[in-house]
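A.B. asks: For reference, this is input_28.txt, and it has compact mmCIF, C-alpha atoms.
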# COMPACT_ATOMS: atom_id res chain seq x y z
CA MET A 1 144.21 77.51 70.32
CA PRO A 2 143.56 77.25 74.09
CA GLU A 3 141.45 74.27 75.16
CA ASN A 4 138.56 76.35 76.46
CA ARG A 5 138.29 78.15 73.12
CA GLU A 6 138.30 74.83 71.31
CA ASP A 7 135.47 73.68 73.59
CA ASP A 8 133.55 76.89 72.83
CA HIS A 9 133.92 76.34 69.09
CA ARG A 10 132.83 72.69 69.34
CA ARG A 11 129.79 73.71 71.39
CA MET A 12 128.89 76.45 68.89
CA ASP A 13 129.20 74.04 65.95
CA PHE A 14 127.07 71.44 67.74
CA ASN A 15 124.41 74.03 68.62
CA LYS A 16 124.35 75.28 65.03
CA GLN A 17 123.70 71.76 63.74
CA VAL A 18 120.92 71.20 66.28
CA ILE A 19 119.29 74.55 65.45
CA GLU A 20 119.34 73.83 61.72
CA GLU A 21 117.92 70.34 62.20
CA PHE A 22 115.24 71.66 64.60
CA ARG A 23 114.03 74.30 62.14
CA ALA A 24 114.16 71.97 59.15
CA ASN A 25 112.09 69.26 60.87
CA GLY A 26 109.45 71.11 62.86
CA GLY A 27 111.28 70.75 66.16
CA ARG A 28 112.34 67.11 65.80
CA VAL A 29 116.04 66.33 66.16
CA GLY A 30 118.19 63.24 66.59
CA GLY A 31 121.26 62.60 68.67
CA PRO A 32 121.18 63.26 72.43
CA PHE A 33 117.95 65.29 72.16
CA GLU A 34 115.97 62.66 70.22
CA GLY A 35 112.55 62.11 71.73
CA GLY A 36 113.10 64.74 74.42
CA ARG A 37 111.54 68.12 75.05
CA LEU A 38 113.65 70.70 73.22
CA LEU A 39 113.16 74.37 72.43
CA LEU A 40 115.21 77.13 70.85
CA LEU A 41 115.72 80.19 73.04
CA THR A 42 116.73 83.43 71.33
CA THR A 43 118.08 86.12 73.64
CA THR A 44 119.68 89.51 73.09
CA GLY A 45 123.42 89.53 73.71
CA ALA A 46 124.18 91.47 76.90
CA ARG A 47 127.37 92.91 75.42
CA THR A 48 126.74 92.82 71.68
CA GLY A 49 123.00 93.46 71.45
CA ALA A 50 122.87 90.76 68.75
CA PRO A 51 120.37 87.87 68.79
CA ARG A 52 121.75 84.61 70.19
CA THR A 53 119.93 81.29 69.78
CA THR A 54 120.51 78.31 72.06
CA PRO A 55 118.88 74.84 72.05
CA LEU A 56 117.70 73.89 75.54
CA GLY A 57 115.81 71.07 77.18
CA TYR A 58 112.71 72.23 79.03
CA LEU A 59 110.10 71.15 81.57
CA PRO A 60 106.35 71.82 81.20
CA ASP A 61 105.03 74.08 83.96
CA GLY A 62 101.45 75.00 83.09
CA LEU A 63 99.86 76.44 79.98
CA GLY A 64 101.94 79.20 78.40
CA ARG A 65 104.92 78.59 80.70
CA VAL A 66 107.93 76.26 80.57
CA LEU A 67 111.08 75.95 82.67
CA VAL A 68 114.71 75.87 81.56
CA ILE A 69 117.76 75.33 83.77
CA ALA A 70 121.04 77.22 83.40
CA SER A 71 123.24 74.16 83.82
CA ALA A 72 125.82 74.82 81.08
CA GLY A 73 126.60 71.11 81.25
CA GLY A 74 127.93 71.45 84.80
CA SER A 75 130.25 74.38 84.04
CA PRO A 76 131.27 76.52 87.04
CA LYS A 77 130.02 79.59 85.13
CA HIS A 78 126.48 80.53 84.19
CA PRO A 79 125.80 80.08 80.46
CA ALA A 80 125.81 83.14 78.22
CA TRP A 81 122.06 82.90 77.61
CA PHE A 82 121.43 83.32 81.34
CA HIS A 83 123.49 86.53 81.51
CA ASN A 84 121.54 87.73 78.47
CA ILE A 85 118.11 87.19 80.04
CA VAL A 86 119.20 88.90 83.25
CA ALA A 87 120.14 91.95 81.15
CA ASP A 88 117.02 91.73 78.96
CA PRO A 89 114.26 89.24 79.87
CA ARG A 90 112.46 89.63 76.53
CA VAL A 91 113.08 86.44 74.56
CA THR A 92 111.79 84.44 71.62
CA VAL A 93 110.92 80.77 72.00
CA GLU A 94 110.65 78.20 69.21
CA SER A 95 108.83 75.04 70.21
CA GLY A 96 108.11 72.49 67.52
CA ALA A 97 106.56 74.38 64.60
CA PHE A 98 105.62 77.34 66.81
CA LYS A 99 107.42 80.57 67.62
CA TYR A 100 106.36 83.08 70.26
CA GLU A 101 107.57 85.97 72.39
CA ALA A 102 108.08 85.38 76.10
CA GLU A 103 109.43 86.91 79.29
CA ALA A 104 112.20 85.09 81.13
CA VAL A 105 111.60 85.05 84.90
CA VAL A 106 114.37 83.78 87.19
CA LEU A 107 112.74 81.74 89.96
CA GLU A 108 113.84 82.38 93.51
CA GLY A 109 113.57 80.86 96.98
CA ASP A 110 111.11 78.05 97.59
CA GLU A 111 109.64 78.29 94.08
CA ARG A 112 113.05 77.67 92.54
CA ASP A 113 113.81 74.82 94.96
CA ARG A 114 110.51 73.05 94.29
CA ALA A 115 110.93 73.35 90.53
CA PHE A 116 114.51 72.07 90.68
CA ALA A 117 113.49 69.16 92.91
CA ARG A 118 110.88 68.18 90.32
CA ALA A 119 113.52 68.32 87.61
CA VAL A 120 115.92 66.14 89.60
CA GLU A 121 113.17 63.64 90.36
CA SER A 122 112.50 63.25 86.63
CA ASP A 123 116.21 63.26 85.65
CA PRO A 124 118.96 62.88 88.30
CA GLY A 125 121.40 64.34 85.78
CA TRP A 126 120.35 67.82 86.88
CA ALA A 127 121.65 67.13 90.42
CA GLU A 128 124.89 65.80 88.94
CA TYR A 129 125.31 68.98 86.92
CA GLU A 130 124.74 71.11 90.02
CA THR A 131 127.29 69.13 92.05
CA LYS A 132 129.81 69.29 89.22
CA SER A 133 129.33 73.05 88.74
CA GLY A 134 129.73 74.00 92.39
CA ARG A 135 126.93 76.56 92.03
CA THR A 136 123.18 76.70 92.53
CA LEU A 137 121.73 76.18 89.06
CA PRO A 138 119.26 78.93 88.15
CA VAL A 139 115.78 77.85 87.08
CA VAL A 140 114.09 80.18 84.60
CA ALA A 141 110.41 80.32 83.65
CA LEU A 142 109.68 81.32 80.06
CA VAL A 143 106.23 82.90 80.12
CA GLN A 144 104.43 83.49 76.82
CA THR A 145 103.53 87.18 76.50
CA THR A 146 101.27 86.97 73.44
CA GLU A 147 97.65 85.92 73.84
CA GLY A 148 96.16 82.92 72.11
CA PRO A 149 97.95 80.08 70.36
CA PRO A 150 101.50 80.87 69.26
CA PRO A 151 102.08 81.58 65.56
CA GLY A 152 102.81 78.56 63.42
CA PRO A 153 102.27 77.49 59.81
CA GLU A 154 100.45 80.04 57.66
CA ARG A 155 97.77 77.80 56.15
CA PRO A 156 95.04 77.02 58.72
CA GLY A 157 94.93 73.32 57.87
CA ASP A 158 98.68 73.03 58.31
CA MET A 159 98.33 74.90 61.59
CA LEU A 160 95.79 72.32 62.77
CA VAL A 161 98.18 69.48 61.93
CA ALA A 162 101.02 71.25 63.77
CA VAL A 163 98.85 71.58 66.90
CA HIS A 164 97.84 67.94 66.65
CA ASP A 165 101.46 66.85 66.18
CA ALA A 166 102.44 68.74 69.33
CA PHE A 167 99.84 66.74 71.27
CA ARG A 168 100.99 63.49 69.64
CA ASP A 169 104.61 64.19 70.55
CA GLU A 170 103.80 65.10 74.15
CA LEU A 171 101.60 62.06 74.60
CA ARG A 172 104.40 59.87 73.23
CA ARG A 173 106.82 61.33 75.78
CA ILE A 174 104.38 60.91 78.65
CA ARG A 175 103.75 57.27 77.76
CA ALA A 176 107.50 56.66 77.82
CA GLU A 177 107.84 58.47 81.16
CA VAL A 178 104.99 56.48 82.71
CA ALA A 179 106.55 53.22 81.48
CA ALA A 180 109.92 54.20 82.96
CA SER A 181 108.52 55.46 86.28
CA GLY A 182 108.64 53.51 89.51
CA PRO A 183 105.73 52.64 91.76
CA VAL A 184 105.48 56.27 92.98
CA LEU A 185 104.39 58.88 90.46
CA GLY A 186 106.93 61.72 90.18
CA ALA A 187 105.86 65.32 90.70
CA GLN A 188 107.11 66.45 87.28
CA LEU A 189 105.33 63.59 85.52
CA ARG A 190 102.15 64.64 87.28
CA VAL A 191 102.64 68.20 85.97
CA ASN A 192 103.32 66.90 82.45
CA CYS A 193 100.07 64.92 82.46
CA LEU A 194 98.00 67.80 83.85
CA VAL A 195 99.40 70.27 81.29
CA LEU A 196 98.50 67.84 78.50
CA CYS A 197 94.96 67.49 79.89
CA GLN A 198 94.50 71.25 80.14
CA GLY A 199 95.88 71.86 76.68
CA LEU A 200 93.68 69.23 75.05
CA GLY A 201 90.61 70.49 76.89
CA ASN A 202 91.22 74.06 75.72
CA HIS A 203 91.93 72.95 72.15
CA HIS A 204 88.72 70.96 71.86
CA ALA A 205 86.65 73.72 73.47
CA GLY A 206 88.05 76.17 70.92
CA GLU A 207 87.15 73.83 68.07
CA ASP A 208 83.60 73.32 69.37
CA LEU A 209 82.96 77.04 69.93
CA MET A 210 84.79 78.66 67.03
CA LEU A 211 86.25 76.35 64.39
CA PHE A 212 83.41 73.89 63.83
CA PRO A 213 80.57 76.47 63.59
CA GLY A 214 82.55 78.41 61.00
CA VAL A 215 83.25 75.32 58.92
CA GLU A 216 79.64 74.14 59.17
CA ALA A 217 78.31 77.53 58.05
CA GLY A 218 80.31 77.33 54.84
CA ARG A 219 80.10 73.57 54.30
CA PRO A 220 76.77 72.38 55.75
CA GLU A 221 77.25 68.93 54.18
CA LEU A 222 80.02 68.37 56.77
CA GLY A 223 77.47 68.64 59.60
CA PRO A 224 77.33 64.89 60.34
CA ALA A 225 81.14 64.58 60.37
CA LEU A 226 81.44 67.56 62.70
CA ALA A 227 78.74 66.13 64.98
CA LEU A 228 80.79 62.93 65.24
CA MET A 229 83.89 64.97 66.12
CA ARG A 230 81.96 66.73 68.87
CA GLU A 231 80.89 63.37 70.26
CA GLU A 232 84.52 62.24 70.19
CA HIS A 233 85.49 65.40 72.09
CA GLU A 234 83.06 64.39 74.83
CA ALA A 235 84.46 60.85 74.92
CA ILE A 236 88.03 62.18 75.14
CA LYS A 237 86.96 64.59 77.88
CA ALA A 238 85.72 61.62 79.91
CA ILE A 239 89.12 59.96 79.54
CA LEU A 240 90.87 63.20 80.53
CA ASP A 241 88.63 63.46 83.59
CA ALA A 242 89.49 59.87 84.55
CA LEU A 243 93.19 60.58 84.02
CA GLN A 244 93.04 63.66 86.23
CA ALA A 245 91.19 61.69 88.89
CA VAL A 246 94.05 59.18 88.97
CA LEU A 247 96.54 62.06 89.23
CA ALA A 248 94.55 63.63 92.09
CA ALA A 249 94.94 60.54 94.25
CA GLY A 250 97.39 60.90 97.12
CA ALA A 251 99.43 57.94 95.88
CA PRO A 252 98.41 57.35 92.25
CA ASP A 253 98.63 53.80 91.01
CA ARG A 254 101.09 53.63 88.12
CA ALA A 255 99.25 50.76 86.45
CA ALA A 256 95.98 52.72 86.54
CA LEU A 257 97.74 55.78 85.15
CA ALA A 258 99.35 53.75 82.37
CA ALA A 259 95.97 52.27 81.44
CA GLU A 260 94.34 55.71 81.20
CA VAL A 261 97.25 57.11 79.17
CA ASP A 262 97.09 54.15 76.77
CA ARG A 263 93.32 54.59 76.41
CA LEU A 264 93.77 58.29 75.75
CA THR A 265 96.47 57.58 73.17
CA ALA A 266 94.35 55.13 71.18
CA ASP A 267 91.21 57.28 71.13
CA LEU A 268 92.97 60.60 70.61
CA GLU A 269 95.20 59.47 67.75
CA ALA A 270 92.23 57.97 65.91
CA HIS A 271 90.26 61.19 66.46
CA LEU A 272 93.08 63.45 65.29
CA ASP A 273 93.54 61.40 62.14
CA ARG A 274 89.81 61.55 61.30
CA GLU A 275 89.66 65.26 62.03
CA GLU A 276 92.61 65.98 59.75
CA ASP A 277 91.12 63.89 56.93
CA VAL A 278 87.97 66.03 57.00
CA LEU A 279 89.20 69.49 57.95
CA VAL A 280 92.69 70.00 56.53
CA PRO A 281 91.60 70.17 52.85
CA VAL A 282 88.67 72.44 53.74
CA LEU A 283 90.72 74.80 55.90
CA ASN A 284 93.62 75.07 53.47
CA ALA A 285 91.23 75.81 50.60
CA ALA A 286 89.39 78.50 52.57
CA ALA A 287 90.29 82.16 52.24
CA GLY A 288 91.14 84.39 55.19
CA PRO A 289 93.32 84.07 58.31
CA ARG A 290 93.52 80.81 60.22
Could I get this file's structure written as structure tokens?
C.D. replies:
Amino acid sequence: MPENREDDHRRMDFNKQVIEEFRANGGRVGGPFEGGRLLLLTTTGARTGAPRTTPLGYLPDGLGRVLVIASAGGSPKHPAWFHNIVADPRVTVESGAFKYEAEAVVLEGDERDRAFARAVESDPGWAEYETKSGRTLPVVALVQTTEGPPPGPERPGDMLVAVHDAFRDELRRIRAEVAASGPVLGAQLRVNCLVLCQGLGNHHAGEDLMLFPGVEAGRPELGPALALMREEHEAIKAILDALQAVLAAGAPDRAALAAEVDRLTADLEAHLDREEDVLVPVLNAAAGPR
């Protein structure tokens, strides 16, 4: 068997193992992807019309949008998934326990260059891949096309835990990135922190406006516990505001950022645990959609 075909088979076997592990463990995998940001991208084969799933590292880029880079490990050819999205930009994304439809948008010009520079700043390996490949690596935005939170576990309590776990995982990554960063805060790390702040703010606003009133109407005895959760939302919002103020500084102090991230981690994890203790049994026992 020619060497390139052997390489293709090894890559397919490796991808298959990663995909199976990802789906079996709610998006968590070991090996070279352990602790990193990983998604599964399902495209439609440009030649076959069959679905093709590929595990890819990604970069946060705002709510409902992430970036992937068509590096193919530094190959001189674009990966198959990139040819597929050029032919048909409608894709499916699996992220953690969530799965949603998205549109793949190939970035061009200055937008592509800025996004790639952010990626290189956070991981110089991207620049090494580009040099090795001899081509300009395409940067692709995956934009969620469905409104609202992406579908996840069926039971509403399990859905709440899955959302919380996504925040826990992202906060864990950000803490590691802050600890590994130099005296100057990287542009991609700044984006990661801001996306986390926006996501948490939206999640808590949704709980205050929709989830908690519904629970309290059916279980009025939970009123005091829900009032405490609302107070905790306000306290976490103050930490998020302080974190964003640090990020807004022209030259953010890494020590100040690390302190705010640590404070957020301690308060948020305690809040999420308390919220799950109270709400998960109630939500999973309730009838109706999540």
A.B. asks: Using all atoms listed in the file, which of the listed residues (A:Leu228, A:Arg175, A:Arg135, A:Glu234) sits closest to A:Val278?
C.D. replies: A:Leu228
A.B. asks: Near stretch 61-64 of chain A, within 6 Å and counting all atoms listed in the file, which residues show up once chain neighbours fewer than 3 positions away are dropped, as an MDAnalysis selection string?
C.D. replies: chainID A and resid 143:144 195
A.B. asks: Selected residues, C-alpha atoms, written as an mmCIF file, in the coordinates of the input, please.
C.D. replies:
data_model
loop_
_atom_site.group_PDB
_atom_site.id
_atom_site.type_symbol
_atom_site.label_atom_id
_atom_site.label_comp_id
_atom_site.auth_asym_id
_atom_site.auth_seq_id
_atom_site.Cartn_x
_atom_site.Cartn_y
_atom_site.Cartn_z
ATOM 1 C CA VAL A 143 106.230 82.900 80.120
ATOM 2 C CA GLN A 144 104.430 83.490 76.820
ATOM 3 C CA VAL A 195 99.400 70.270 81.290
#
A.B. asks: Report as CSV: every residue of stretch 121-234 of chain A with an atom at most 9 Å from stretch 77-94 of chain A, its closest pair of atoms, and their distance in Å to one decimal, counting all atoms listed in the file, with rows sorted by chain and ascending residue number.
C.D. replies:
residue,atom,partner,partner_atom,distance
A:Ser133,CA,A:Lys77,CA,7.5
A:Arg135,CA,A:Lys77,CA,8.1
A:Leu137,CA,A:His78,CA,8.1
A:Pro138,CA,A:Phe82,CA,8.4
A:Val140,CA,A:Phe82,CA,8.6
A:Leu142,CA,A:Val93,CA,8.2
A:Gln144,CA,A:Val93,CA,8.5
A.B. asks: Mind pulling up the distance from atom CA of A:Gly96 to atom CA of A:Glu154?
C.D. replies: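 Here the two named atoms are 14.6 Å from each other.
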A.B. asks: Here's a test: counting all atoms listed in the file, identify every protein, DNA and RNA residue with an atom at most 10 Å from (113.3, 65.3, 85.5) in the file's coordinate frame, and state them as a list in words.
C.D. replies: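 Residues lying no farther than 10 Å from the given point: Tyr58, Leu59, Ala115, Phe116, Ala117, Arg118, Ala119, Val120, Glu121, Ser122, Asp123, Pro124, Gly125, Trp126, Ala127, Glu177, Gly186, Ala187, Gln188 and Leu189 of chain A.
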A.B. asks: For A:Arg37, which residue among A:Ala227, A:Leu240, A:Val66, A:Leu196 is the nearest when counting all atoms listed in the file?
C.D. replies: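 The shortest atom-to-atom distance to A:Arg37 comes from A:Val66.
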A.B. asks: Distance atom CA of A:Thr54-atom CA of A:Ser95, one decimal place?
C.D. replies: 12.3 Å
